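Everything on this sheet refers to the single structure shown next.
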Amino acid sequence: MSLTADLPPVFKGRSQILQPMQIAVPAGQVLGVIGPNGAGKSTLLRSLAGIDVLHARWNGQPLSHRQIGYMPQAFQMNARLSVLEAVLLGKREALGWRIATADLEAAGAVLADLGLAHLEGRSMDRLSGGQQQMVLLAQRILRAPRLLVLDEPTSALDLHHQLVILRHLKSYAQDKGAVVALALHDLTLAARFCDRLLLIDKGQRLVIGDNETVLTSRQITESWNITPELLRARDGFCVIVPH
Ligand SMILES: Nc1ncnc2c1ncn2[C@@H]1O[C@H](COP(=O)(O)OP(=O)(O)OP(=O)(O)O)[C@@H](O)[C@H]1O
C-alpha cells in the first residue's frame, strides 16, 4: 500500500513557485519535507493536501478530502470553544445534534495520548501558542486520516513536546498504516523521526530518499549555506551541528 501524488506546477502571478513533481511514500511512513525559507515546502504540502485540487492517491485510487488531514503553518483559534469541543470539530461531518459517546471517548483519548487531558475543559482562547498547536493537531488526528499533512507542526513547541508530538506521529503512521508528510526546519529531528526526506529548494525537488542519502554535507551546504558537522548520536541517529 502506498501514497502517490503527481503534483502539477504552481504559479503565483508569473512566477513558478513549484515545479511539477511525483511523490511516492509507502504506507506507515513519515515523509519529512525540508529546505530553506522560501524553498516551497508550504506550497508543496498544500498541493499534496489537495487544498485547491486533489492529487493524492492511495493504491492508485484518488483520496477524498475526508481522508486527508491538513494543518497549515499559521494557526490560531480565538473562538470561545473548549479544548474538547475544538478537538471534536475534527469529526464535524460525523457529528449531529447529539455527540456520540464513542466520539467523546475518542477525543479524550487523543488528548490523553498527547498529554493534554488536563486542558480538556479550558477555553481555546486561554491556551498558549504551543498548547493551541497541539490541540489543533489532536483535532486532525481524531479524523484518523490516511494522509496527514502538517506544515511545521512543532514550530511553537519546547524540546519535550517536540519529542512527544514527533513520536506520536511516527506511531500514528505505523499503527494506522497511514502516511504523515510534514515540514521541519530542525534537520536533526528530521533525521531521527522521518523515514524518508524530500529536500526542496527554489520550488524544485532536489532529492528524495532515506536520511543518509539526503542529509550529506554537500547537500546541506548547498541548500542552507552552512558548513555542517555530522555527528552520530548514541542511538545511531545523525546529529547536524551548524557552523
Ligand atoms: N501568494 C504568493 N504570491 C507570490 N509568491 C508567493 C506566494 N506565496 C508564496 N510565494 C513564494 O513562493 C515561494 C515558496 O513559498 P513557501 O511558503 O512555499 O516556502 P516555504 O519553504 O514554506 O518557506 P518557509 O520555510 O519560510 O515557511 C517563496 O519564494 C514565496 O515568496
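Going through the C-alpha cells in order, the chains are called A, B, and so on, while each chain numbers its residues from 1 and the ligands are numbered from 1 in the order shown.
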Within 12 Å of A:Gln131, counting only C-alpha atoms, which residues qualify if same-chain residues fewer than 4 places away don't, as a count of residues only?
-> 31
Taking only C-alpha atoms and all ligand atoms into account, report as a VMD selection string which residues have an atom no farther than 8 Å from an atom of ligand 1.
-> chain A and resid 12 to 13 15 17 to 18 34 to 44 73 151 183 185 200 to 203
Every residue of stretch 108-209 of chain A that DSSP places in helix (DSSP H, G or I), as a PDB file with N, CA and C atoms, in the first residue's frame:
ATOM      1  N   GLY A 108     -11.198  12.348  23.910  1.00  0.00           N
ATOM      2  CA  GLY A 108     -10.492  12.319  25.196  1.00  0.00           C
ATOM      3  C   GLY A 108      -9.215  11.495  25.094  1.00  0.00           C
ATOM      4  N   ALA A 109      -9.288  10.390  24.339  1.00  0.00           N
ATOM      5  CA  ALA A 109      -8.118   9.509  24.218  1.00  0.00           C
ATOM      6  C   ALA A 109      -6.992  10.203  23.450  1.00  0.00           C
ATOM      7  N   VAL A 110      -7.331  10.928  22.381  1.00  0.00           N
ATOM      8  CA  VAL A 110      -6.279  11.624  21.613  1.00  0.00           C
ATOM      9  C   VAL A 110      -5.632  12.690  22.500  1.00  0.00           C
ATOM     10  N   LEU A 111      -6.464  13.421  23.261  1.00  0.00           N
ATOM     11  CA  LEU A 111      -5.900  14.444  24.153  1.00  0.00           C
ATOM     12  C   LEU A 111      -4.979  13.801  25.190  1.00  0.00           C
ATOM     13  N   ALA A 112      -5.410  12.667  25.729  1.00  0.00           N
ATOM     14  CA  ALA A 112      -4.579  11.984  26.734  1.00  0.00           C
ATOM     15  C   ALA A 112      -3.260  11.525  26.111  1.00  0.00           C
ATOM     16  N   ASP A 113      -3.324  10.973  24.902  1.00  0.00           N
ATOM     17  CA  ASP A 113      -2.100  10.499  24.227  1.00  0.00           C
ATOM     18  C   ASP A 113      -1.092  11.620  24.051  1.00  0.00           C
ATOM     19  N   ALA A 117      -4.782  16.003  28.477  1.00  0.00           N
ATOM     20  CA  ALA A 117      -6.061  15.710  29.130  1.00  0.00           C
ATOM     21  C   ALA A 117      -6.431  16.797  30.140  1.00  0.00           C
ATOM     22  N   HIS A 118      -5.410  17.369  30.804  1.00  0.00           N
ATOM     23  CA  HIS A 118      -5.691  18.366  31.848  1.00  0.00           C
ATOM     24  C   HIS A 118      -6.264  19.665  31.254  1.00  0.00           C
ATOM     25  N   LEU A 119      -6.184  19.817  29.925  1.00  0.00           N
ATOM     26  CA  LEU A 119      -6.673  21.058  29.307  1.00  0.00           C
ATOM     27  C   LEU A 119      -8.091  20.918  28.743  1.00  0.00           C
ATOM     28  N   MET A 124     -10.230  27.618  24.367  1.00  0.00           N
ATOM     29  CA  MET A 124      -9.126  27.690  23.391  1.00  0.00           C
ATOM     30  C   MET A 124      -8.412  29.041  23.450  1.00  0.00           C
ATOM     31  N   ASP A 125      -9.173  30.107  23.703  1.00  0.00           N
ATOM     32  CA  ASP A 125      -8.536  31.427  23.695  1.00  0.00           C
ATOM     33  C   ASP A 125      -7.734  31.689  24.972  1.00  0.00           C
ATOM     34  N   ARG A 126      -7.662  30.689  25.851  1.00  0.00           N
ATOM     35  CA  ARG A 126      -6.825  30.835  27.046  1.00  0.00           C
ATOM     36  C   ARG A 126      -5.662  29.842  27.047  1.00  0.00           C
ATOM     37  N   GLY A 129       0.455  29.474  22.701  1.00  0.00           N
ATOM     38  CA  GLY A 129       0.622  29.141  21.282  1.00  0.00           C
ATOM     39  C   GLY A 129       0.943  27.664  21.074  1.00  0.00           C
ATOM     40  N   GLY A 130       1.861  27.131  21.901  1.00  0.00           N
ATOM     41  CA  GLY A 130       2.249  25.726  21.771  1.00  0.00           C
ATOM     42  C   GLY A 130       1.085  24.794  22.101  1.00  0.00           C
ATOM     43  N   GLN A 131       0.314  25.158  23.150  1.00  0.00           N
ATOM     44  CA  GLN A 131      -0.836  24.318  23.519  1.00  0.00           C
ATOM     45  C   GLN A 131      -1.874  24.313  22.393  1.00  0.00           C
ATOM     46  N   GLN A 132      -2.098  25.477  21.790  1.00  0.00           N
ATOM     47  CA  GLN A 132      -3.053  25.548  20.675  1.00  0.00           C
ATOM     48  C   GLN A 132      -2.593  24.668  19.516  1.00  0.00           C
ATOM     49  N   GLN A 133      -1.286  24.733  19.240  1.00  0.00           N
ATOM     50  CA  GLN A 133      -0.756  23.942  18.123  1.00  0.00           C
ATOM     51  C   GLN A 133      -1.027  22.450  18.369  1.00  0.00           C
ATOM     52  N   MET A 134      -0.818  21.998  19.610  1.00  0.00           N
ATOM     53  CA  MET A 134      -1.024  20.575  19.902  1.00  0.00           C
ATOM     54  C   MET A 134      -2.505  20.196  19.856  1.00  0.00           C
ATOM     55  N   VAL A 135      -3.380  21.111  20.323  1.00  0.00           N
ATOM     56  CA  VAL A 135      -4.815  20.802  20.290  1.00  0.00           C
ATOM     57  C   VAL A 135      -5.303  20.710  18.843  1.00  0.00           C
ATOM     58  N   LEU A 136      -4.837  21.607  17.992  1.00  0.00           N
ATOM     59  CA  LEU A 136      -5.275  21.565  16.591  1.00  0.00           C
ATOM     60  C   LEU A 136      -4.738  20.314  15.896  1.00  0.00           C
ATOM     61  N   LEU A 137      -3.575  19.861  16.322  1.00  0.00           N
ATOM     62  CA  LEU A 137      -3.046  18.606  15.797  1.00  0.00           C
ATOM     63  C   LEU A 137      -3.942  17.445  16.255  1.00  0.00           C
ATOM     64  N   ALA A 138      -4.348  17.472  17.541  1.00  0.00           N
ATOM     65  CA  ALA A 138      -5.253  16.432  18.059  1.00  0.00           C
ATOM     66  C   ALA A 138      -6.550  16.409  17.243  1.00  0.00           C
ATOM     67  N   GLN A 139      -7.023  17.601  16.871  1.00  0.00           N
ATOM     68  CA  GLN A 139      -8.250  17.695  16.065  1.00  0.00           C
ATOM     69  C   GLN A 139      -8.076  16.963  14.732  1.00  0.00           C
ATOM     70  N   ARG A 140      -6.923  17.164  14.082  1.00  0.00           N
ATOM     71  CA  ARG A 140      -6.666  16.495  12.787  1.00  0.00           C
ATOM     72  C   ARG A 140      -6.529  14.993  12.972  1.00  0.00           C
ATOM     73  N   ILE A 141      -5.889  14.585  14.071  1.00  0.00           N
ATOM     74  CA  ILE A 141      -5.653  13.150  14.287  1.00  0.00           C
ATOM     75  C   ILE A 141      -6.980  12.421  14.538  1.00  0.00           C
ATOM     76  N   LEU A 142      -7.927  13.110  15.207  1.00  0.00           N
ATOM     77  CA  LEU A 142      -9.211  12.475  15.526  1.00  0.00           C
ATOM     78  C   LEU A 142      -9.935  12.011  14.260  1.00  0.00           C
ATOM     79  N   LEU A 159      11.331  21.511  23.609  1.00  0.00           N
ATOM     80  CA  LEU A 159      12.011  20.274  23.214  1.00  0.00           C
ATOM     81  C   LEU A 159      11.228  19.016  23.631  1.00  0.00           C
ATOM     82  N   HIS A 160      10.696  19.048  24.858  1.00  0.00           N
ATOM     83  CA  HIS A 160       9.948  17.889  25.346  1.00  0.00           C
ATOM     84  C   HIS A 160       8.740  17.629  24.448  1.00  0.00           C
ATOM     85  N   HIS A 161       7.977  18.688  24.168  1.00  0.00           N
ATOM     86  CA  HIS A 161       6.757  18.486  23.378  1.00  0.00           C
ATOM     87  C   HIS A 161       7.050  18.179  21.908  1.00  0.00           C
ATOM     88  N   GLN A 162       8.205  18.658  21.399  1.00  0.00           N
ATOM     89  CA  GLN A 162       8.582  18.261  20.033  1.00  0.00           C
ATOM     90  C   GLN A 162       8.735  16.745  19.971  1.00  0.00           C
ATOM     91  N   LEU A 163       9.380  16.175  21.004  1.00  0.00           N
ATOM     92  CA  LEU A 163       9.576  14.716  21.026  1.00  0.00           C
ATOM     93  C   LEU A 163       8.245  13.986  21.169  1.00  0.00           C
ATOM     94  N   VAL A 164       7.382  14.488  22.080  1.00  0.00           N
ATOM     95  CA  VAL A 164       6.074  13.839  22.291  1.00  0.00           C
ATOM     96  C   VAL A 164       5.314  13.785  20.967  1.00  0.00           C
ATOM     97  N   ILE A 165       5.266  14.918  20.279  1.00  0.00           N
ATOM     98  CA  ILE A 165       4.461  15.003  19.055  1.00  0.00           C
ATOM     99  C   ILE A 165       5.083  14.160  17.935  1.00  0.00           C
ATOM    100  N   LEU A 166       6.391  14.256  17.750  1.00  0.00           N
ATOM    101  CA  LEU A 166       7.004  13.508  16.645  1.00  0.00           C
ATOM    102  C   LEU A 166       6.938  12.003  16.887  1.00  0.00           C
ATOM    103  N   ARG A 167       7.102  11.586  18.148  1.00  0.00           N
ATOM    104  CA  ARG A 167       6.954  10.156  18.463  1.00  0.00           C
ATOM    105  C   ARG A 167       5.525   9.701  18.164  1.00  0.00           C
ATOM    106  N   HIS A 168       4.578  10.544  18.575  1.00  0.00           N
ATOM    107  CA  HIS A 168       3.174  10.182  18.359  1.00  0.00           C
ATOM    108  C   HIS A 168       2.873  10.059  16.864  1.00  0.00           C
ATOM    109  N   LEU A 169       3.399  10.993  16.075  1.00  0.00           N
ATOM    110  CA  LEU A 169       3.120  10.967  14.630  1.00  0.00           C
ATOM    111  C   LEU A 169       3.745   9.730  13.979  1.00  0.00           C
ATOM    112  N   LYS A 170       4.933   9.373  14.443  1.00  0.00           N
ATOM    113  CA  LYS A 170       5.589   8.176  13.883  1.00  0.00           C
ATOM    114  C   LYS A 170       4.755   6.918  14.213  1.00  0.00           C
ATOM    115  N   SER A 171       4.295   6.819  15.465  1.00  0.00           N
ATOM    116  CA  SER A 171       3.455   5.671  15.842  1.00  0.00           C
ATOM    117  C   SER A 171       2.143   5.696  15.069  1.00  0.00           C
ATOM    118  N   TYR A 172       1.593   6.902  14.891  1.00  0.00           N
ATOM    119  CA  TYR A 172       0.325   7.021  14.160  1.00  0.00           C
ATOM    120  C   TYR A 172       0.478   6.421  12.763  1.00  0.00           C
ATOM    121  N   ALA A 173       1.547   6.814  12.064  1.00  0.00           N
ATOM    122  CA  ALA A 173       1.768   6.313  10.702  1.00  0.00           C
ATOM    123  C   ALA A 173       1.909   4.786  10.727  1.00  0.00           C
ATOM    124  N   GLN A 174       2.700   4.285  11.669  1.00  0.00           N
ATOM    125  CA  GLN A 174       2.950   2.835  11.722  1.00  0.00           C
ATOM    126  C   GLN A 174       1.684   2.053  12.105  1.00  0.00           C
ATOM    127  N   ASP A 175       1.009   2.509  13.171  1.00  0.00           N
ATOM    128  CA  ASP A 175      -0.142   1.744  13.684  1.00  0.00           C
ATOM    129  C   ASP A 175      -1.315   1.759  12.722  1.00  0.00           C
ATOM    130  N   LYS A 176      -1.554   2.918  12.082  1.00  0.00           N
ATOM    131  CA  LYS A 176      -2.737   3.023  11.199  1.00  0.00           C
ATOM    132  C   LYS A 176      -2.386   2.679   9.757  1.00  0.00           C
ATOM    133  N   LEU A 187      16.942  19.773  11.262  1.00  0.00           N
ATOM    134  CA  LEU A 187      17.396  18.626  10.464  1.00  0.00           C
ATOM    135  C   LEU A 187      17.704  17.419  11.339  1.00  0.00           C
ATOM    136  N   THR A 188      18.137  17.658  12.582  1.00  0.00           N
ATOM    137  CA  THR A 188      18.419  16.530  13.477  1.00  0.00           C
ATOM    138  C   THR A 188      17.127  15.786  13.818  1.00  0.00           C
ATOM    139  N   LEU A 189      16.061  16.542  14.095  1.00  0.00           N
ATOM    140  CA  LEU A 189      14.776  15.890  14.380  1.00  0.00           C
ATOM    141  C   LEU A 189      14.243  15.200  13.128  1.00  0.00           C
ATOM    142  N   ALA A 190      14.462  15.834  11.976  1.00  0.00           N
ATOM    143  CA  ALA A 190      14.002  15.233  10.714  1.00  0.00           C
ATOM    144  C   ALA A 190      14.706  13.894  10.510  1.00  0.00           C
ATOM    145  N   ALA A 191      16.035  13.876  10.773  1.00  0.00           N
ATOM    146  CA  ALA A 191      16.808  12.633  10.582  1.00  0.00           C
ATOM    147  C   ALA A 191      16.319  11.548  11.532  1.00  0.00           C
ATOM    148  N   ARG A 192      15.895  11.964  12.716  1.00  0.00           N
ATOM    149  CA  ARG A 192      15.543  10.986  13.740  1.00  0.00           C
ATOM    150  C   ARG A 192      14.142  10.405  13.553  1.00  0.00           C
ATOM    151  N   PHE A 193      13.192  11.237  13.109  1.00  0.00           N
ATOM    152  CA  PHE A 193      11.796  10.783  13.099  1.00  0.00           C
ATOM    153  C   PHE A 193      11.223  10.492  11.719  1.00  0.00           C
TER     154      PHE A 193
END
Which one of A:Asp195, A:Glu229, A:Glu152, A:Glu105 sits closest to A:Ala27 if you count only C-alpha atoms?
-> A:Asp195
Could you give me, as number ranges by chain, each residue of stretch 123-176 of chain A that DSSP assigns to strand (DSSP E or B) when run on this structure's backbone?
-> A: 123, 147-151
Limited to N, CA and C atoms, could you put the picked residues into a file as a PDB file, in the first residue's frame?
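File written: again-v6.pdb
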ATOM      1  N   SER A 123     -10.801  26.971  27.817  1.00  0.00           N
ATOM      2  CA  SER A 123     -11.223  27.650  26.591  1.00  0.00           C
ATOM      3  C   SER A 123     -10.009  27.810  25.662  1.00  0.00           C
ATOM      4  N   LEU A 147      -3.861  10.225   5.068  1.00  0.00           N
ATOM      5  CA  LEU A 147      -2.729  11.125   4.785  1.00  0.00           C
ATOM      6  C   LEU A 147      -2.847  12.331   5.711  1.00  0.00           C
ATOM      7  N   LEU A 148      -1.822  12.531   6.520  1.00  0.00           N
ATOM      8  CA  LEU A 148      -1.786  13.662   7.446  1.00  0.00           C
ATOM      9  C   LEU A 148      -0.683  14.597   6.970  1.00  0.00           C
ATOM     10  N   VAL A 149      -1.049  15.825   6.620  1.00  0.00           N
ATOM     11  CA  VAL A 149      -0.098  16.781   6.045  1.00  0.00           C
ATOM     12  C   VAL A 149       0.046  17.946   7.026  1.00  0.00           C
ATOM     13  N   LEU A 150       1.263  18.131   7.550  1.00  0.00           N
ATOM     14  CA  LEU A 150       1.454  19.087   8.643  1.00  0.00           C
ATOM     15  C   LEU A 150       2.581  20.051   8.305  1.00  0.00           C
ATOM     16  N   ASP A 151       2.261  21.331   8.309  1.00  0.00           N
ATOM     17  CA  ASP A 151       3.268  22.338   7.958  1.00  0.00           C
ATOM     18  C   ASP A 151       3.913  22.863   9.237  1.00  0.00           C
TER      19      ASP A 151
END
Mind checking which residues fall within 7 Å of A:Asp6, counting only C-alpha atoms, ignoring those fewer than 2 positions away in the same chain, and posting them as an MDAnalysis selection string?
-> chainID A and resid 4 8 21:23 55
Restricting it to N, CA and C atoms, dump the selection as a JSON list (two decimals), in the first residue's frame.
[["chain", "number", "residue", "atom", "x", "y", "z"],
["A", 4, "THR", "N", 0.67, 7.97, -3.57],
["A", 4, "THR", "CA", 1.36, 8.56, -4.72],
["A", 4, "THR", "C", 0.68, 9.88, -5.03],
["A", 8, "PRO", "N", 1.15, 19.03, -10.01],
["A", 8, "PRO", "CA", 1.38, 19.91, -11.16],
["A", 8, "PRO", "C", 2.20, 21.13, -10.73],
["A", 21, "MET", "N", 6.14, 17.65, -9.70],
["A", 21, "MET", "CA", 6.92, 16.54, -9.11],
["A", 21, "MET", "C", 6.04, 15.37, -8.73],
["A", 22, "GLN", "N", 6.66, 14.20, -8.74],
["A", 22, "GLN", "CA", 5.95, 12.99, -8.35],
["A", 22, "GLN", "C", 6.44, 12.56, -6.97],
["A", 23, "ILE", "N", 5.47, 12.15, -6.17],
["A", 23, "ILE", "CA", 5.81, 11.72, -4.81],
["A", 23, "ILE", "C", 5.25, 10.33, -4.58],
["A", 55, "HIS", "N", -4.81, 15.69, -5.58],
["A", 55, "HIS", "CA", -3.86, 14.98, -6.43],
["A", 55, "HIS", "C", -3.44, 13.65, -5.82]]
Tell me, counting only C-alpha atoms, for each residue of stretch 151-196 of chain A within 12 Å of stretch 58-62 of chain A, which pair of atoms is nearest and how far apart they are in Å to one decimal, in rows ordered by chain and increasing number, as a tab-separated table.
residue	atom	partner	partner_atom	distance
A:Gly177	CA	A:Trp58	CA	11.3
A:Ala178	CA	A:Trp58	CA	9.9
A:Val179	CA	A:Trp58	CA	9.9
Emit the selected residues as a compact mmCIF listing (two decimals), in the first residue's frame, including C-alpha atoms.
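Listed below is the output, out-v3.txt:
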# COMPACT_ATOMS: atom_id res chain seq x y z
CA GLY A 177 -0.71 2.26 8.08
CA ALA A 178 -1.11 5.95 7.22
CA VAL A 179 1.33 8.44 5.68
Which one of A:Leu7, A:Ser223, A:Ala100, A:Glu212 sits closest to A:Gly236 if you count only C-alpha atoms?
-> A:Glu212
